[in-house]
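Structure data follow from protein_4.cif (mmCIF, C-alpha atoms):
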data_coords
#
loop_
_atom_site.label_atom_id
_atom_site.label_comp_id
_atom_site.auth_asym_id
_atom_site.auth_seq_id
_atom_site.Cartn_x
_atom_site.Cartn_y
_atom_site.Cartn_z
CA MET A 119 65.74 78.19 89.44
CA SER A 120 64.02 76.21 92.21
CA ALA A 121 62.92 77.78 95.47
CA MET A 122 65.60 75.82 97.34
CA ALA A 123 68.29 76.98 94.91
CA GLU A 124 67.11 80.55 95.32
CA GLN A 125 67.33 80.29 99.11
CA ALA A 126 70.89 78.97 98.79
CA ARG A 127 72.16 82.08 97.08
CA PRO A 128 74.69 83.92 99.29
CA ALA A 129 73.59 87.08 101.05
CA VAL A 130 75.11 90.36 99.85
CA ALA A 131 75.89 93.44 101.93
CA VAL A 132 75.87 96.59 99.79
CA VAL A 133 77.74 99.51 101.33
CA VAL A 134 76.67 102.99 100.22
CA ALA A 135 78.71 105.82 101.72
CA THR A 136 76.86 109.13 101.49
CA ARG A 137 77.08 112.79 102.38
CA ASP A 138 74.55 115.53 101.69
CA ARG A 139 73.04 114.11 98.49
CA PRO A 140 69.57 112.86 99.52
CA GLU A 141 67.94 112.84 96.08
CA LEU A 142 70.82 111.00 94.44
CA LEU A 143 71.02 108.61 97.38
CA GLU A 144 67.35 107.70 97.10
CA ARG A 145 67.86 106.82 93.44
CA ALA A 146 70.92 104.66 94.23
CA VAL A 147 69.14 102.79 97.03
CA ALA A 148 66.12 102.12 94.80
CA GLY A 149 68.42 100.44 92.28
CA ILE A 150 69.90 98.22 94.98
CA MET A 151 66.59 97.25 96.56
CA GLY A 152 65.12 96.52 93.13
CA GLN A 153 67.71 93.91 92.16
CA SER A 154 66.44 90.71 90.54
CA TYR A 155 68.96 88.71 92.58
CA PRO A 156 67.14 85.88 94.42
CA GLY A 157 69.36 85.99 97.52
CA ASP A 158 69.16 88.35 100.49
CA ILE A 159 70.44 91.89 100.12
CA GLU A 160 71.20 94.26 102.97
CA CYS A 161 71.74 97.84 101.85
CA LEU A 162 73.89 99.65 104.43
CA VAL A 163 73.73 103.42 103.99
CA VAL A 164 76.60 105.00 105.93
CA PHE A 165 76.28 108.73 106.55
CA ASP A 166 79.72 110.32 106.52
CA GLN A 167 80.28 113.72 108.15
CA SER A 168 76.52 114.23 108.32
CA ALA A 169 73.76 113.02 110.63
CA PRO A 170 71.91 109.85 109.58
CA ARG A 171 68.42 110.45 108.26
CA PRO A 172 65.65 108.19 106.97
CA VAL A 173 66.03 106.99 103.40
CA PRO A 174 62.78 106.34 101.48
CA ALA A 175 62.98 102.76 100.23
CA ALA A 176 60.62 99.90 99.53
CA GLU A 177 61.69 97.02 101.79
CA SER A 178 60.45 93.54 100.89
CA PRO A 179 61.24 89.93 101.81
CA GLY A 180 64.97 89.43 101.34
CA ARG A 181 65.63 93.18 101.15
CA ARG A 182 66.72 95.14 104.21
CA LEU A 183 67.83 98.74 104.59
CA THR A 184 70.16 99.74 107.42
CA VAL A 185 71.08 103.37 108.10
CA LEU A 186 74.10 104.17 110.26
CA ALA A 187 76.70 106.82 110.97
CA ASN A 188 80.35 106.54 110.03
CA SER A 189 81.99 105.60 113.34
CA ARG A 190 85.47 105.42 111.86
CA ALA A 191 87.79 107.93 110.17
CA ALA A 192 85.91 110.68 108.34
CA GLY A 193 85.82 110.11 104.62
CA LEU A 194 84.91 107.50 102.06
CA ALA A 195 87.35 104.84 103.27
CA GLY A 196 86.15 105.00 106.87
CA ALA A 197 82.50 104.99 105.79
CA ARG A 198 83.00 101.91 103.65
CA ASN A 199 84.74 100.15 106.50
CA ALA A 200 81.92 101.02 108.89
CA GLY A 201 79.50 99.36 106.49
CA ILE A 202 81.69 96.28 105.99
CA LEU A 203 81.99 95.78 109.76
CA SER A 204 78.25 96.23 110.34
CA SER A 205 77.31 93.14 108.36
CA SER A 206 78.30 89.49 108.32
CA ALA A 207 77.15 88.70 104.77
CA PRO A 208 79.63 86.52 102.85
CA LEU A 209 79.59 88.85 99.84
CA ILE A 210 80.16 92.62 99.93
CA ALA A 211 79.55 95.24 97.26
CA PHE A 212 80.11 98.97 96.98
CA CYS A 213 77.83 101.50 95.32
CA ASP A 214 78.49 105.24 95.21
CA ASP A 215 75.51 107.30 96.28
CA ASP A 216 75.21 108.98 92.88
CA ASP A 217 75.31 105.81 90.75
CA VAL A 218 72.58 103.33 89.79
CA TRP A 219 72.71 99.55 89.34
CA THR A 220 70.86 97.81 86.52
CA PRO A 221 68.36 95.22 87.85
CA ALA A 222 70.40 92.12 86.89
CA LYS A 223 73.72 93.44 88.23
CA LEU A 224 74.09 91.25 91.30
CA SER A 225 72.65 88.12 89.68
CA LEU A 226 75.13 88.24 86.82
CA GLN A 227 78.06 89.06 89.05
CA VAL A 228 77.38 86.41 91.69
CA ASP A 229 76.96 83.79 88.96
CA HIS A 230 80.29 84.85 87.47
CA LEU A 231 82.01 84.94 90.85
CA GLU A 232 80.91 81.40 91.66
CA SER A 233 81.56 79.95 88.20
CA THR A 234 85.14 81.29 88.17
CA ALA A 235 85.89 80.67 91.87
CA ALA A 236 87.25 84.23 91.95
CA GLU A 237 87.38 86.53 95.00
CA PHE A 238 86.55 89.80 93.27
CA VAL A 239 84.30 90.58 90.32
CA ALA A 240 83.59 93.89 88.59
CA SER A 241 81.63 94.84 85.47
CA GLY A 242 81.36 97.43 82.76
CA VAL A 243 79.81 100.86 83.28
CA SER A 244 77.83 103.45 81.36
CA ILE A 245 79.28 106.87 82.18
CA HIS A 246 76.85 109.80 81.98
CA HIS A 247 78.38 113.25 81.63
CA THR A 248 76.28 116.23 80.53
CA ASP A 249 74.57 114.98 77.34
CA HIS A 250 76.97 112.11 76.68
CA VAL A 251 76.83 108.42 77.62
CA ILE A 252 80.02 106.41 77.18
CA THR A 253 80.30 102.68 77.82
CA ARG A 254 83.47 101.27 79.38
CA ILE A 255 83.98 97.51 79.44
CA PRO A 256 86.94 96.07 81.41
CA PRO A 257 88.97 93.05 80.30
CA ALA A 258 87.63 89.64 81.32
CA THR A 259 90.52 89.31 83.76
CA VAL A 260 92.94 91.87 85.19
CA ALA A 261 96.16 90.90 86.95
CA LEU A 262 98.43 93.01 89.15
CA GLY A 263 100.89 93.83 86.38
CA GLN A 264 98.22 95.43 84.22
CA LEU A 265 96.87 97.46 87.13
CA VAL A 266 100.35 98.79 87.84
CA ARG A 267 100.73 99.97 84.25
CA GLU A 268 97.21 101.41 83.94
CA ARG A 269 94.32 102.20 86.25
CA VAL A 270 91.83 100.28 84.03
CA THR A 271 89.21 102.96 84.61
CA ALA A 272 86.37 100.65 83.60
CA LEU A 273 86.90 98.97 86.98
CA HIS A 274 84.68 101.43 88.83
CA PRO A 275 84.05 101.01 92.59
CA SER A 276 80.28 100.93 92.09
CA THR A 277 80.83 97.63 90.25
CA PHE A 278 82.95 95.99 92.98
CA LEU A 279 81.65 92.72 94.47
CA PHE A 280 83.97 90.57 96.58
CA ARG A 281 84.09 87.84 99.17
CA ARG A 282 84.32 88.70 102.86
CA GLU A 283 87.16 86.22 103.21
CA MET A 284 89.23 88.46 100.93
CA VAL A 285 88.74 91.37 103.33
CA GLU A 286 89.62 89.18 106.30
CA ALA A 287 92.85 88.20 104.57
CA MET A 288 94.04 91.57 103.25
CA GLY A 289 92.44 94.03 105.66
CA LEU A 290 89.98 96.90 105.43
CA VAL A 291 89.95 99.89 103.10
CA ASP A 292 92.98 102.09 103.83
CA GLU A 293 91.79 105.03 105.95
CA GLU A 294 95.22 106.70 105.86
CA ILE A 295 95.01 107.71 102.19
CA PRO A 296 94.68 111.52 102.15
CA GLY A 297 91.08 112.47 101.49
CA SER A 298 90.32 108.83 100.58
CA TYR A 299 91.36 109.80 97.05
CA GLY A 300 92.36 106.70 95.08
CA GLU A 301 91.21 104.29 97.80
CA ASP A 302 89.49 102.24 95.08
CA TYR A 303 92.77 101.92 93.12
CA ASP A 304 94.59 100.91 96.30
CA TRP A 305 91.85 98.30 96.91
CA LEU A 306 92.30 96.91 93.40
CA LEU A 307 96.08 96.67 93.75
CA ARG A 308 95.83 94.87 97.07
CA ALA A 309 93.19 92.47 95.78
CA ALA A 310 95.15 91.73 92.60
CA ARG A 311 98.20 90.74 94.67
CA ARG A 312 96.11 87.81 95.85
CA HIS A 313 94.19 86.79 92.73
CA GLN A 314 93.30 88.29 89.36
CA ILE A 315 90.12 90.33 89.17
CA VAL A 316 87.37 89.06 86.88
CA SER A 317 84.58 91.03 85.24
CA VAL A 318 81.17 90.60 83.69
CA ARG A 319 81.78 92.23 80.33
CA GLU A 320 78.52 94.16 80.26
CA PRO A 321 77.64 97.67 81.51
CA LEU A 322 75.79 96.89 84.75
CA VAL A 323 76.10 100.29 86.46
CA ASP A 324 75.13 103.79 85.37
CA VAL A 325 77.82 106.15 86.64
CA TYR A 326 76.92 109.83 86.83
CA TRP A 327 79.60 112.51 86.69
CA HIS A 328 78.38 115.93 87.79
CA LYS A 329 79.36 119.06 89.68
CA GLN A 330 78.51 117.47 93.03
CA SER A 331 81.27 114.89 92.69
CA PHE A 332 83.31 115.39 95.85
CA PHE A 333 86.71 114.71 94.25
CA ALA A 334 86.25 117.12 91.35
CA GLU A 335 89.33 119.36 91.12
CA ARG A 336 90.59 118.81 94.69
CA TRP A 337 94.11 119.11 93.41
CA ALA A 338 96.03 119.38 96.70
CA THR A 339 94.38 116.20 97.96
CA VAL A 340 95.17 114.50 94.66
CA VAL A 341 98.88 115.31 95.01
CA SER A 342 99.09 114.04 98.60
CA ALA A 343 97.11 110.88 97.88
CA LEU A 344 99.09 109.92 94.79
CA GLU A 345 102.39 110.49 96.57
CA TYR A 346 101.06 108.25 99.36
CA LEU A 347 100.17 105.49 96.88
CA LEU A 348 103.61 105.67 95.24
CA SER A 349 105.30 105.23 98.60
CA LYS A 350 102.92 102.44 99.66
CA HIS A 351 103.06 100.21 96.61
CA PRO A 352 106.56 99.05 95.60
CA GLU A 353 105.13 97.65 92.36
CA LEU A 354 104.37 101.20 91.20
CA MET A 355 107.85 102.47 91.96
CA ALA A 356 109.46 99.44 90.30
CA ASP A 357 107.59 99.77 87.00
CA PRO A 358 108.82 102.76 84.92
CA ALA A 359 105.54 103.17 83.02
CA GLY A 360 103.39 102.76 86.12
CA ARG A 361 105.51 105.20 88.10
CA ALA A 362 105.49 107.70 85.21
CA ARG A 363 101.70 107.53 84.99
CA ILE A 364 101.32 108.49 88.66
CA GLN A 365 104.02 111.16 88.41
CA GLY A 366 102.24 112.60 85.38
CA GLN A 367 99.01 112.83 87.36
CA ILE A 368 100.87 114.50 90.22
CA ALA A 369 102.44 116.97 87.80
CA PHE A 370 99.05 117.85 86.33
CA ALA A 371 97.57 118.47 89.79
CA GLN A 372 100.55 120.63 90.73
CA ALA A 373 100.15 122.61 87.51
CA ALA A 374 96.45 123.11 88.27
CA LEU A 375 97.52 124.51 91.65
CA ALA A 376 99.90 126.92 89.86
CA ARG A 377 102.89 125.18 91.46
CA ARG A 378 104.90 125.61 88.28
CA SER A 379 108.31 124.50 89.55
CA ALA A 380 106.90 121.37 91.17
CA ALA A 381 104.88 120.59 88.03
CA PHE A 382 107.95 120.87 85.80
CA ARG A 383 109.94 118.69 88.18
CA SER A 384 107.29 115.97 88.43
CA GLY A 385 106.59 116.16 84.71
CA GLY A 386 110.28 115.71 83.97
CA GLN A 387 110.44 112.68 86.25
CA ALA A 388 107.47 111.16 84.46
CA LEU A 389 108.99 111.70 81.00
CA ARG A 390 112.30 110.16 82.05
CA GLY A 391 110.39 107.04 83.09
CA ASN A 392 108.15 107.00 80.02
CA PRO A 393 108.66 109.56 77.22
CA ALA A 394 105.17 108.72 75.94
CA GLU A 395 103.38 109.65 79.19
CA ARG A 396 100.74 112.08 77.90
CA ARG A 397 99.75 113.38 81.35
CA ALA A 398 103.21 114.85 81.74
CA TYR A 399 102.86 116.79 78.50
CA LEU A 400 99.44 118.04 79.55
CA ALA A 401 100.91 119.12 82.90
CA LEU A 402 103.71 121.02 81.18
CA ALA A 403 101.19 122.73 78.90
CA VAL A 404 99.13 123.84 81.91
CA ALA A 405 102.20 124.94 83.88
CA SER A 406 103.39 126.96 80.86
CA GLY A 407 100.06 128.76 80.61
CA VAL A 408 99.23 127.30 77.19
CA VAL A 409 95.88 125.87 78.28
CA PRO A 410 93.90 125.94 81.57
CA ALA A 411 93.58 122.72 83.57
CA THR A 412 89.79 123.05 83.68
CA MET A 413 89.56 122.84 79.89
CA ILE A 414 91.61 119.63 79.75
CA VAL A 415 89.56 118.04 82.53
CA ARG A 416 86.33 119.02 80.80
CA LEU A 417 87.47 117.49 77.51
CA ALA A 418 88.62 114.30 79.23
CA ASN A 419 85.32 113.97 81.11
CA ARG A 420 83.36 114.28 77.87
CA ARG A 421 85.20 111.15 76.73
CA GLY A 422 84.36 109.37 79.97
CA ARG A 423 87.89 109.70 81.34
CA GLY A 424 89.78 111.51 84.06
CA ILE A 425 93.36 112.75 84.08
#

Go ahead and express the file in the form of structure tokens.
Amino acid sequence: MSAMAEQARPAVAVVVATRDRPELLERAVAGIMGQSYPGDIECLVVFDQSAPRPVPAAESPGRRLTVLANSRAAGLAGARNAGILSSSAPLIAFCDDDDVWTPAKLSLQVDHLESTAAEFVASGVSIHHTDHVITRIPPATVALGQLVRERVTALHPSTFLFRREMVEAMGLVDEEIPGSYGEDYDWLLRAARRHQIVSVREPLVDVYWHKQSFFAERWATVVSALEYLLSKHPELMADPAGRARIQGQIAFAQAALARRSAAFRSGGQALRGNPAERRAYLALAVASGVVPATMIVRLANRRGRGI
């Protein structure tokens, strides 16, 4: 690639929301600053519910680190929005503070974004959990209907790269979602209403699941957030399988909270919509005392999945 072509590559703003994980954050930032991408990269580290502090990073020509506080609603959604609004770069990416990009991540994604004229590109991931590494590769394209029926968990937020014009058209990350749980799924649904999502079918991000994950087993928040998403997205309510999937997740969370009556009710709703919805059966097993929720979550995580 010529020097002029390299200079023409669009700038990318990478938003990293963080809270109380300095060692993991330093590793994530190093992966961003070390990208092989020939265009400019601004890494915006947004400290959420904690005071900003210096982040050790090797800045170089075309690589800039900006540290700021979350000036919007507390939580992941507000922090991401603070980062989006603090930059004018035409391309925006997310990276969780405990994940790591491979060096060619942005180069491959920007090339794919421009060659397909898409608005939103993701990629595959390598999920690290205890002593296991599991690769998840998303489909080449994902449309709204597929996202309604399934979460497509390979579409991880640390792989998201999208055009600023998409944000200007559909709005910022929803800060009203309880606990910011599922804000990435909401983002995918909203984006897919506009255009299908494309992916580089390679694992370009190492995703680390560990005990410090802030959403691990926050069951009450899960219930509230999923009920919010059901009420927000008519596509979910209109699709029996999609609705049953969310109701099954709600039932499992209620069972984990020992809300047996609510779990049986939600599980029954899920099975009426889709008798094959496995989350509902898992919820009923937990609510009946057959197996603890923690065991099911642990087994699912070992396969690189959630509930």

Can you turn the PyMOL selection byres ((chain A and resi 128) around 12) into a concrete residue list for this file, as an NGL selection string? :A and (123-127 or 129-131 or 155-160 or 180 or 206-210 or 224-225 or 227-229 or 231-232 or 280-282)

Between atom CA of Tyr346 of chain A and atom CA of Pro275 of chain A, measure the distance and give it in Å to one decimal.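 Atom-to-atom, atom CA of Tyr346 of chain A and atom CA of Pro275 of chain A are spaced 19.7 Å apart.
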
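Each of A:Val340, A:Val285, A:Ala394, A:Leu389 was compared to Phe238 of chain A using all atoms listed in the file, and A:Val285 turns out to be the nearest.
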
Applied to the shown file, which residues does the PyMOL selection byres ((chain A and resi 322) around 7) return, written as a PyMOL selection string? chain A and resi 219-220+223+241-243+320-321+323-324

Which residues match the PyMOL selection byres ((chain A and resi 234) around 12) in the file above, as an NGL selection string? :A and (227-233 or 235-239 or 258-259 or 313-318)

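For the pair atom CA of Leu183 of chain A and atom CA of Val163 of chain A, the separation is 7.6 Å.
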
What is the distance between atom CA of Val218 of chain A and atom CA of Leu143 of chain A, in Å to one decimal? 9.4 Å
